[in-house]
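Colleague: Take this structure, written in structure tokens, and hold onto it; I'll ask about it next.
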There are 2 protein chains.
Amino acid sequence: MMLDEAQVKPHDRLASRLADDMAAVNEMIAERMASEHAPRIPQVTAHLVDAGGKRLRPMLVLAAARLCGYEGPYHVHLAATVEFIHTATLLHDDVVDESGQRRGRPTANLLWDNKSSVLVGDYLFARAFQLMTETGSLRVLDILANASATIAEGEVLQLTAARDLATGEDTYLKIVRGKTAALFSAATEVGGVISGAADARVQALFEYGDALGISFQIVDDLLDYGGATAAIGKNVGDDFRERKLTLPVIKAIAQADTDERAFWTRVIEKGVQKDGDLDHAMTLLDRHGAMVATRVEAVAWAEKAKAAIMVLPDHELRDMLHDLADYVVARIN
Amino acid sequence: MMLDEAQVKPHDRLASRLADDMAAVNEMIAERMASEHAPRIPQVTAHLVDAGGKRLRPMLVLAAARLCGYEGPYHVHLAATVEFIHTATLLHDDVVDESGQRRGRPTANLLWDNKSSVLVGDYLFARAFQLMTETGSLRVLDILANASATIAEGEVLQLTAARDLATGEDTYLKIVRGKTAALFSAATEVGGVISGAADARVQALFEYGDALGISFQIVDDLLDYGGATAAIGKNVGDDFRERKLTLPVIKAIAQADTDERAFWTRVIEKGVQKDGDLDHAMTLLDRHGAMVATRVEAVAWAEKAKAAIMVLPDHELRDMLHDLADYVVARIN
């Protein structure tokens, strides 16, 4: 039996619609991650690339460019660029988080070592930079240079603020813009820019990517306190064990009484965790409606994303981007 | 008593000649390493920047540009760019090498943690990328993107080849081009490019930087088996303890008898080192003339650097670059 159009996930519909472009992107990724001199590089990278990320970021570039009527060829370079930047940040994140699992497989820093993760990440950044330079668009370079700085700044901010109970929602938003939304919004924005789209359309694409990225990250934070391992490729409670102050926790702390505050201080600030603490944390998140309030914010950002692209011309890809925003939050339904 | 011109080190003469430009570079570095959101960033960076590296790479950019008659302003951006790239690689190297000392001070990864070193390095790469984009020169971006990829590739190659006794001088040269010469040659080359110099002059500047960088690294390798701590800001025997196959060792291994080969296998490949091993290694390096042969190569590369710039116009800065090449090898006299 064929599936109804509506039953196919928006992400898969995009992948199907952009299949030819994505094949070109995958080919370029394979070609550019090779290294004549250092075979360790494709080994480490292939481990991540083959693990089959959703290729969401490159698809955003392709969708934005095609939606603006672009006929190529540089949308392919830019799609490969954002995937390289994303993969590089994953490699460095795993060193920073001391993670053991990513996308359901052991992380590169466990399979090889931290050194390989750091240096191969640097190599991918450099390769990304070469790819975008080939487009010859200084405006594209400017956008991606700024996004790269915002990403690194967000990561450092997370490092210093993550275990500080005084961290509020403003700081959380800055961190999320850095760690997730900056690359989403750069992806959609450069898709528009490379197409020569009018400023209002480029701005709409930027706002869509920004809001989608924020929604995506908030949902990820929620899933960490309740999704299944299979669905997200990481373990429930990872953020808790890594003592990250994510949005549900920030909201629960804002409502905490003295005992609860002592609990959060112990498990997050001091990092003293024992059996049953994760369950207790989840109870507190429910008690104060922190999970529900966080979900409301995720939905609001998805709505903002959908509204932003209404200024773009009526187009099959616009509809898919619209549905994608719904799908991002549907993961928590 | 005033010092004779000839008694002042070439590096200091360059610094004096380029003092106004260097002041502008230092100002730009201070301004651009700031972060509104993440104060950890300037803390980590300032620790390295204040430690007073010789600022050799930015001076190469400035000297090349001024020698080609450039009047500004983008030589300042490019000088700051190469210093940021250099500082970023130092931060990542310290994670990779698990170093405890750099420029005579504790490394950032000891003072803070590996995480900060990785992420602040990423931030500086991104800032470097922003600075060079501001120059608006796609050719400059292309050169620096390629150099960045070569640097990362050389570092990964070093990681995988460093403890393999089969590593020969060809591989060593690739590693050195990556870890040192790529940024030297990019520095002098972009100085020429930003000035709009003719191709032959740009090529000469590239060759000068390449040969100077190789000479510089070979001398560093030599000093590691005989320089004073104060002179090089690291400890004698660091490379030995980190089991790096540097040029003197590669030459000694090529001449090794069975017993000596067993020694090198134990201390480098297996990493089993005990008291007296460093002294024994130094004896072997002398016995086979490996130190002398390595020094001959360092001098030959310095001569190549000096010869390369003879196609450039007669100029006070050309003479200083000439003397700088001599000075690099004079460190081992």
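Note on naming: chains are A, B, ... as they come in the structure tokens, residues start from 1 per chain, ligands start from 1 in the order shown.
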When you get a sec, could you note down which chain A residues fall within 8 Å of chain B, using only C-alpha atoms, as a VMD selection string?
Modeller: chain A and resid 35 37 to 38 40 to 41 92 95 to 96 114 to 116 118 to 120 122 to 124 126 to 127 129 to 130 133 to 134 136 138 141 to 142 145 to 146 148 to 149 152 to 157 159 to 160
Colleague: Given the selection you just returned, output its residues as a file containing N, CA and C atoms, formatted as a CSV table (one decimal), in the first residue's frame.
Modeller:
chain,number,residue,atom,x,y,z
A,35,SER,N,41.7,12.9,2.2
A,35,SER,CA,43.0,13.5,2.4
A,35,SER,C,44.1,12.6,1.8
A,37,HIS,N,47.2,12.8,2.2
A,37,HIS,CA,48.4,12.5,3.1
A,37,HIS,C,48.0,11.9,4.5
A,38,ALA,N,46.7,12.1,4.9
A,38,ALA,CA,46.4,11.7,6.2
A,38,ALA,C,45.1,10.8,6.2
A,40,ARG,N,43.8,9.0,8.3
A,40,ARG,CA,43.0,9.1,9.5
A,40,ARG,C,41.8,10.0,9.4
A,41,ILE,N,41.9,11.0,8.5
A,41,ILE,CA,40.9,12.0,8.4
A,41,ILE,C,39.6,11.5,7.9
A,92,HIS,N,34.1,18.4,17.9
A,92,HIS,CA,34.6,19.2,19.0
A,92,HIS,C,33.7,19.1,20.3
A,95,VAL,N,34.5,16.1,22.4
A,95,VAL,CA,35.7,16.3,23.3
A,95,VAL,C,35.2,17.1,24.5
A,96,VAL,N,34.5,18.1,24.2
A,96,VAL,CA,34.1,19.0,25.3
A,96,VAL,C,33.1,18.3,26.3
A,114,ASN,N,40.9,12.0,21.7
A,114,ASN,CA,40.5,13.5,21.6
A,114,ASN,C,41.3,14.2,20.6
A,115,LYS,N,42.6,13.8,20.5
A,115,LYS,CA,43.4,14.5,19.5
A,115,LYS,C,42.9,14.5,18.1
A,116,SER,N,42.5,13.3,17.7
A,116,SER,CA,41.9,13.1,16.3
A,116,SER,C,40.7,13.9,16.2
A,118,VAL,N,39.8,16.7,17.7
A,118,VAL,CA,40.1,18.1,17.6
A,118,VAL,C,40.7,18.5,16.2
A,119,LEU,N,41.7,17.7,15.8
A,119,LEU,CA,42.4,18.0,14.5
A,119,LEU,C,41.5,17.8,13.3
A,120,VAL,N,40.8,16.7,13.3
A,120,VAL,CA,39.9,16.4,12.1
A,120,VAL,C,38.8,17.4,12.1
A,122,ASP,N,39.2,20.5,13.0
A,122,ASP,CA,39.8,21.7,12.4
A,122,ASP,C,40.0,21.5,10.8
A,123,TYR,N,40.3,20.3,10.4
A,123,TYR,CA,40.4,20.1,9.0
A,123,TYR,C,39.1,20.3,8.3
A,124,LEU,N,38.0,19.8,8.9
A,124,LEU,CA,36.7,20.0,8.3
A,124,LEU,C,36.3,21.5,8.2
A,126,ALA,N,38.4,24.0,7.9
A,126,ALA,CA,39.2,24.5,6.8
A,126,ALA,C,38.6,24.1,5.4
A,127,ARG,N,38.1,22.9,5.3
A,127,ARG,CA,37.5,22.4,4.1
A,127,ARG,C,36.2,23.2,3.8
A,129,PHE,N,35.6,26.2,4.7
A,129,PHE,CA,36.0,27.5,4.3
A,129,PHE,C,36.5,27.5,2.8
A,130,GLN,N,37.2,26.5,2.4
A,130,GLN,CA,37.6,26.4,1.0
A,130,GLN,C,36.3,26.3,0.1
A,133,THR,N,34.5,29.6,-0.2
A,133,THR,CA,35.3,30.6,-1.0
A,133,THR,C,35.1,30.3,-2.5
A,134,GLU,N,35.0,29.1,-2.9
A,134,GLU,CA,34.7,28.7,-4.3
A,134,GLU,C,33.5,29.4,-4.9
A,136,GLY,N,32.7,32.3,-4.6
A,136,GLY,CA,33.0,33.7,-5.0
A,136,GLY,C,32.1,34.8,-4.5
A,138,LEU,N,31.2,37.2,-1.5
A,138,LEU,CA,31.7,37.7,-0.3
A,138,LEU,C,30.6,37.8,0.8
A,141,LEU,N,30.3,34.5,2.4
A,141,LEU,CA,31.5,34.4,3.3
A,141,LEU,C,31.3,35.1,4.6
A,142,ASP,N,30.7,36.3,4.5
A,142,ASP,CA,30.5,37.1,5.6
A,142,ASP,C,29.5,36.5,6.6
A,145,ALA,N,31.1,33.3,8.2
A,145,ALA,CA,32.1,33.7,9.1
A,145,ALA,C,31.4,34.2,10.4
A,146,ASN,N,30.4,35.0,10.3
A,146,ASN,CA,29.7,35.4,11.5
A,146,ASN,C,29.0,34.3,12.2
A,148,SER,N,30.0,31.2,12.3
A,148,SER,CA,31.0,30.4,12.9
A,148,SER,C,31.4,31.0,14.2
A,149,ALA,N,31.5,32.3,14.2
A,149,ALA,CA,31.9,33.0,15.5
A,149,ALA,C,30.8,32.9,16.5
A,152,ALA,N,30.9,29.3,18.1
A,152,ALA,CA,32.0,29.1,19.1
A,152,ALA,C,31.7,29.9,20.3
A,153,GLU,N,31.2,31.1,20.2
A,153,GLU,CA,30.8,32.0,21.3
A,153,GLU,C,29.7,31.3,22.2
A,154,GLY,N,28.7,30.8,21.5
A,154,GLY,CA,27.6,30.1,22.2
A,154,GLY,C,28.1,28.9,23.0
A,155,GLU,N,29.1,28.2,22.4
A,155,GLU,CA,29.6,27.0,23.1
A,155,GLU,C,30.4,27.4,24.3
A,156,VAL,N,31.2,28.4,24.2
A,156,VAL,CA,32.0,28.9,25.4
A,156,VAL,C,31.1,29.4,26.4
A,157,LEU,N,30.0,30.1,26.0
A,157,LEU,CA,29.1,30.6,27.0
A,157,LEU,C,28.4,29.4,27.7
A,159,LEU,N,29.7,26.6,28.3
A,159,LEU,CA,30.7,26.0,29.1
A,159,LEU,C,30.8,26.7,30.5
A,160,THR,N,30.7,28.1,30.4
A,160,THR,CA,30.8,28.8,31.7
A,160,THR,C,29.5,29.0,32.4
Colleague: Give me the residues within 12 Å of region 296-305 of chain B as an mmCIF file with N, CA and C atoms, in the first residue's frame, counting only C-alpha atoms and dropping any in the same chain fewer than 4 places off.
Modeller:
data_model
loop_
_atom_site.group_PDB
_atom_site.id
_atom_site.type_symbol
_atom_site.label_atom_id
_atom_site.label_comp_id
_atom_site.auth_asym_id
_atom_site.auth_seq_id
_atom_site.Cartn_x
_atom_site.Cartn_y
_atom_site.Cartn_z
ATOM 1 N N GLU B 169 62.028 11.170 5.595
ATOM 2 C CA GLU B 169 62.192 12.624 5.496
ATOM 3 C C GLU B 169 61.117 13.274 4.627
ATOM 4 N N LEU B 173 58.827 16.338 5.906
ATOM 5 C CA LEU B 173 58.701 17.622 5.210
ATOM 6 C C LEU B 173 57.228 18.013 5.042
ATOM 7 N N ALA B 181 55.318 25.817 7.997
ATOM 8 C CA ALA B 181 55.608 26.605 6.798
ATOM 9 C C ALA B 181 54.352 27.118 6.102
ATOM 10 N N PHE B 184 53.558 30.548 7.463
ATOM 11 C CA PHE B 184 54.616 31.496 7.081
ATOM 12 C C PHE B 184 54.433 31.903 5.605
ATOM 13 N N SER B 185 54.269 30.913 4.726
ATOM 14 C CA SER B 185 54.182 31.219 3.291
ATOM 15 C C SER B 185 52.876 31.931 2.965
ATOM 16 N N THR B 188 53.416 35.717 3.964
ATOM 17 C CA THR B 188 54.156 36.552 3.007
ATOM 18 C C THR B 188 53.395 36.667 1.687
ATOM 19 N N GLN B 203 54.959 35.053 -6.013
ATOM 20 C CA GLN B 203 55.563 33.715 -5.966
ATOM 21 C C GLN B 203 56.856 33.730 -5.140
ATOM 22 N N ALA B 204 57.662 34.770 -5.318
ATOM 23 C CA ALA B 204 58.907 34.895 -4.556
ATOM 24 C C ALA B 204 58.621 35.010 -3.061
ATOM 25 N N LEU B 205 57.599 35.780 -2.728
ATOM 26 C CA LEU B 205 57.237 35.937 -1.316
ATOM 27 C C LEU B 205 56.746 34.618 -0.732
ATOM 28 N N PHE B 206 55.952 33.892 -1.526
ATOM 29 C CA PHE B 206 55.511 32.561 -1.089
ATOM 30 C C PHE B 206 56.713 31.670 -0.799
ATOM 31 N N GLU B 207 57.655 31.627 -1.752
ATOM 32 C CA GLU B 207 58.815 30.732 -1.599
ATOM 33 C C GLU B 207 59.683 31.122 -0.408
ATOM 34 N N TYR B 208 59.802 32.422 -0.195
ATOM 35 C CA TYR B 208 60.549 32.891 0.975
ATOM 36 C C TYR B 208 59.899 32.367 2.261
ATOM 37 N N GLY B 209 58.586 32.560 2.391
ATOM 38 C CA GLY B 209 57.877 32.136 3.605
ATOM 39 C C GLY B 209 57.953 30.629 3.803
ATOM 40 N N ASP B 210 57.800 29.901 2.714
ATOM 41 C CA ASP B 210 57.857 28.438 2.781
ATOM 42 C C ASP B 210 59.228 27.976 3.292
ATOM 43 N N ALA B 211 60.295 28.479 2.680
ATOM 44 C CA ALA B 211 61.649 28.051 3.052
ATOM 45 C C ALA B 211 62.000 28.537 4.459
ATOM 46 N N LEU B 212 61.596 29.761 4.791
ATOM 47 C CA LEU B 212 61.858 30.281 6.140
ATOM 48 C C LEU B 212 61.159 29.421 7.195
ATOM 49 N N GLY B 213 59.918 29.056 6.904
ATOM 50 C CA GLY B 213 59.150 28.245 7.853
ATOM 51 C C GLY B 213 59.777 26.877 8.064
ATOM 52 N N ILE B 214 60.227 26.255 6.981
ATOM 53 C CA ILE B 214 60.860 24.939 7.107
ATOM 54 C C ILE B 214 62.148 25.051 7.914
ATOM 55 N N SER B 215 62.964 26.060 7.582
ATOM 56 C CA SER B 215 64.201 26.290 8.321
ATOM 57 C C SER B 215 63.915 26.505 9.811
ATOM 58 N N PHE B 216 62.913 27.327 10.083
ATOM 59 C CA PHE B 216 62.515 27.658 11.456
ATOM 60 C C PHE B 216 62.151 26.389 12.234
ATOM 61 N N GLN B 217 61.380 25.506 11.601
ATOM 62 C CA GLN B 217 60.931 24.298 12.298
ATOM 63 C C GLN B 217 62.079 23.316 12.518
ATOM 64 N N ILE B 218 62.972 23.204 11.521
ATOM 65 C CA ILE B 218 64.120 22.300 11.685
ATOM 66 C C ILE B 218 64.997 22.785 12.841
ATOM 67 N N VAL B 219 65.199 24.097 12.912
ATOM 68 C CA VAL B 219 65.981 24.658 14.020
ATOM 69 C C VAL B 219 65.303 24.368 15.356
ATOM 70 N N ASP B 220 63.964 24.516 15.396
ATOM 71 C CA ASP B 220 63.219 24.201 16.615
ATOM 72 C C ASP B 220 63.458 22.753 17.033
ATOM 73 N N ASP B 221 63.449 21.863 16.056
ATOM 74 C CA ASP B 221 63.685 20.444 16.340
ATOM 75 C C ASP B 221 65.083 20.223 16.915
ATOM 76 N N LEU B 222 66.061 20.951 16.370
ATOM 77 C CA LEU B 222 67.432 20.843 16.862
ATOM 78 C C LEU B 222 67.538 21.363 18.292
ATOM 79 N N LEU B 223 66.912 22.522 18.520
ATOM 80 C CA LEU B 223 66.992 23.130 19.852
ATOM 81 C C LEU B 223 66.382 22.216 20.907
ATOM 82 N N LEU B 247 63.418 15.590 12.677
ATOM 83 C CA LEU B 247 64.444 15.315 11.664
ATOM 84 C C LEU B 247 65.733 14.689 12.214
ATOM 85 N N PRO B 248 66.294 15.190 13.318
ATOM 86 C CA PRO B 248 67.524 14.549 13.819
ATOM 87 C C PRO B 248 67.291 13.061 14.117
ATOM 88 N N LYS B 251 67.041 10.932 10.953
ATOM 89 C CA LYS B 251 68.372 10.721 10.373
ATOM 90 C C LYS B 251 69.161 9.686 11.183
ATOM 91 N N GLY B 289 76.237 11.779 13.360
ATOM 92 C CA GLY B 289 76.275 13.065 12.667
ATOM 93 C C GLY B 289 74.885 13.588 12.326
ATOM 94 N N ALA B 290 73.854 13.073 13.026
ATOM 95 C CA ALA B 290 72.489 13.488 12.699
ATOM 96 C C ALA B 290 72.252 14.961 13.023
ATOM 97 N N MET B 291 72.861 15.438 14.111
ATOM 98 C CA MET B 291 72.694 16.846 14.479
ATOM 99 C C MET B 291 73.341 17.748 13.419
ATOM 100 N N VAL B 292 74.548 17.380 13.001
ATOM 101 C CA VAL B 292 75.245 18.194 11.989
ATOM 102 C C VAL B 292 74.481 18.177 10.663
ATOM 103 N N ILE B 309 63.931 35.920 -2.452
ATOM 104 C CA ILE B 309 63.495 37.317 -2.457
ATOM 105 C C ILE B 309 64.407 38.233 -3.271
ATOM 106 N N MET B 310 65.445 37.673 -3.904
ATOM 107 C CA MET B 310 66.315 38.532 -4.710
ATOM 108 C C MET B 310 65.591 39.119 -5.922
ATOM 109 N N VAL B 311 64.471 38.509 -6.351
ATOM 110 C CA VAL B 311 63.720 39.100 -7.485
ATOM 111 C C VAL B 311 62.907 40.310 -7.043
ATOM 112 N N ARG B 318 63.475 44.289 2.385
ATOM 113 C CA ARG B 318 64.004 43.074 1.768
ATOM 114 C C ARG B 318 65.293 42.657 2.482
ATOM 115 N N LEU B 321 64.382 41.020 5.783
ATOM 116 C CA LEU B 321 63.892 39.650 5.604
ATOM 117 C C LEU B 321 65.067 38.711 5.312
ATOM 118 N N HIS B 322 66.006 39.200 4.520
ATOM 119 C CA HIS B 322 67.223 38.458 4.212
ATOM 120 C C HIS B 322 67.964 38.104 5.509
ATOM 121 N N ASP B 323 68.177 39.117 6.342
ATOM 122 C CA ASP B 323 68.904 38.898 7.590
ATOM 123 C C ASP B 323 68.114 38.015 8.554
ATOM 124 N N LEU B 324 66.794 38.115 8.472
ATOM 125 C CA LEU B 324 65.951 37.297 9.350
ATOM 126 C C LEU B 324 66.187 35.807 9.082
ATOM 127 N N ALA B 325 66.343 35.459 7.808
ATOM 128 C CA ALA B 325 66.595 34.049 7.459
ATOM 129 C C ALA B 325 67.916 33.574 8.079
ATOM 130 N N ASP B 326 68.931 34.432 8.032
ATOM 131 C CA ASP B 326 70.197 34.086 8.695
ATOM 132 C C ASP B 326 70.015 33.934 10.194
ATOM 133 N N TYR B 327 69.225 34.830 10.750
ATOM 134 C CA TYR B 327 69.042 34.848 12.207
ATOM 135 C C TYR B 327 68.342 33.582 12.703
ATOM 136 N N VAL B 328 67.389 33.098 11.889
ATOM 137 C CA VAL B 328 66.656 31.887 12.270
ATOM 138 C C VAL B 328 67.618 30.725 12.517
ATOM 139 N N VAL B 329 68.607 30.585 11.629
ATOM 140 C CA VAL B 329 69.557 29.484 11.846
ATOM 141 C C VAL B 329 70.653 29.852 12.834
ATOM 142 N N ALA B 330 70.888 31.166 13.010
ATOM 143 C CA ALA B 330 71.927 31.581 13.960
ATOM 144 C C ALA B 330 71.568 31.157 15.387
ATOM 145 N N ARG B 331 70.271 30.881 15.622
ATOM 146 C CA ARG B 331 69.861 30.434 16.960
ATOM 147 C C ARG B 331 70.581 29.143 17.378
ATOM 148 N N ILE B 332 71.055 28.369 16.386
ATOM 149 C CA ILE B 332 71.733 27.112 16.739
ATOM 150 C C ILE B 332 73.250 27.230 16.704
ATOM 151 N N ASN B 333 73.772 28.441 16.494
ATOM 152 C CA ASN B 333 75.237 28.572 16.469
ATOM 153 C C ASN B 333 75.810 28.629 17.884
#
Colleague: Fewer than 5 positions away in the same chain doesn't count, so skip those; otherwise give me all residues within 12 Å of Ala254 (chain A), counting only C-alpha atoms, as a compact mmCIF listing (two decimals) with C-alpha atoms, in the first residue's frame.
Modeller:
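Writing the result to selection.txt gives the following:
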# COMPACT_ATOMS: atom_id res chain seq x y z
CA LEU A 165 22.01 28.11 38.74
CA ALA A 166 21.69 31.86 38.14
CA THR A 167 21.56 31.26 34.36
CA GLY A 168 18.27 32.62 33.08
CA GLU A 169 16.22 32.21 29.94
CA LEU A 245 21.00 23.89 32.49
CA LEU A 247 15.16 25.23 29.41
CA PRO A 248 12.97 22.78 31.41
CA VAL A 249 15.46 22.86 34.27
CA GLU A 260 14.21 21.73 45.56
CA ARG A 261 16.83 24.41 45.18
CA TRP A 264 19.40 21.35 41.92
CA LEU A 284 10.09 18.27 39.72
CA LEU A 285 9.94 19.24 36.04
CA HIS A 288 6.03 22.90 38.22
CA GLY A 289 4.65 22.51 34.72
CA ALA A 290 8.16 23.14 33.40
Colleague: I need the alpha helix (DSSP H) residues of region 88-329 of chain B per DSSP on the backbone, written as number ranges by chain.
Modeller: B: 88-97, 108-111, 114-134, 138-161, 169-176, 182-194, 199-223, 229-232, 238-241, 247-254, 258-264, 277-287, 290-308, 316-329
Colleague: Residues near Phe263 (chain B), anyone? I mean within 10 Å using only C-alpha atoms, not counting same-chain ones fewer than 6 positions away, as an MDAnalysis selection string.
Modeller: chainID B and resid 253 256:257 269:270 272:273 277 280:281
Colleague: Mind writing the picked residues with C-alpha atoms as a compact mmCIF listing (two decimals), in the first residue's frame?
Modeller:
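New file result.txt:
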# COMPACT_ATOMS: atom_id res chain seq x y z
CA ILE B 253 67.30 5.93 12.83
CA ALA B 256 70.91 2.77 13.39
CA ASP B 257 72.37 -0.69 14.04
CA GLU B 269 57.18 3.50 19.23
CA LYS B 270 56.44 1.83 22.57
CA VAL B 272 58.78 3.08 27.43
CA GLN B 273 61.25 5.70 28.69
CA ASP B 277 67.27 7.66 27.84
CA HIS B 280 71.53 8.21 25.34
CA ALA B 281 69.37 9.55 22.48
Colleague: Would you pick out the contacts of Asp279 (chain A) at 12 Å or less, using only C-alpha atoms, so that residues sharing its chain but fewer than 4 positions from it are not included, and give the list as an mmCIF file with C-alpha atoms, in the first residue's frame?
Modeller:
data_model
loop_
_atom_site.group_PDB
_atom_site.id
_atom_site.type_symbol
_atom_site.label_atom_id
_atom_site.label_comp_id
_atom_site.auth_asym_id
_atom_site.auth_seq_id
_atom_site.Cartn_x
_atom_site.Cartn_y
_atom_site.Cartn_z
ATOM 1 C CA TYR A 225 13.970 14.242 29.801
ATOM 2 C CA GLY A 226 11.547 11.864 28.146
ATOM 3 C CA VAL A 236 17.615 9.978 28.200
ATOM 4 C CA GLY A 237 19.192 11.968 30.997
ATOM 5 C CA PHE A 240 21.148 15.813 33.390
ATOM 6 C CA GLN A 273 24.415 12.618 41.596
ATOM 7 C CA LYS A 274 23.075 9.288 42.833
ATOM 8 C CA ASP A 275 20.524 6.665 41.836
ATOM 9 C CA THR A 283 9.105 14.672 38.938
ATOM 10 C CA LEU A 284 10.087 18.272 39.718
ATOM 11 C CA LEU A 285 9.938 19.240 36.039
ATOM 12 C CA ASP A 286 6.368 17.910 35.905
#
Colleague: Leu14 (chain B): which residues within 8 Å, counting only C-alpha atoms, same-chain residues fewer than 2 positions away excluded, as a VMD selection string?
Modeller: chain B and resid 10 to 12 16 to 18 59 63 317 320
Colleague: Which one of B:Asp259, B:Glu316, B:Asp164, B:Asp170 sits closest to Gly271 (chain B) if you count only C-alpha atoms?
Modeller: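 Ranking B:Asp259, B:Glu316, B:Asp164, B:Asp170 by distance to Gly271 (chain B), first place goes to B:Asp164.
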Colleague: I need the residues of region 41-281 of chain A that end up classed as strand (DSSP E) by DSSP on the backbone, written out as a ChimeraX atom specification.
Modeller: /A:101-102,105-106
Colleague: Which neighbours of Gly192 (chain A) fall inside 9 Å, counting only C-alpha atoms, when residues of the same chain fewer than 5 positions from it are skipped, and could you give them as a list in words?
Modeller: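 The neighbour list is Val61, Ala64, Ala65, Arg66, Leu67, Cys68, Tyr70, Ala187, Ala197, Ala198, Asp199, Arg201, Val202, Gln203, Leu205 and Phe206 of chain A.
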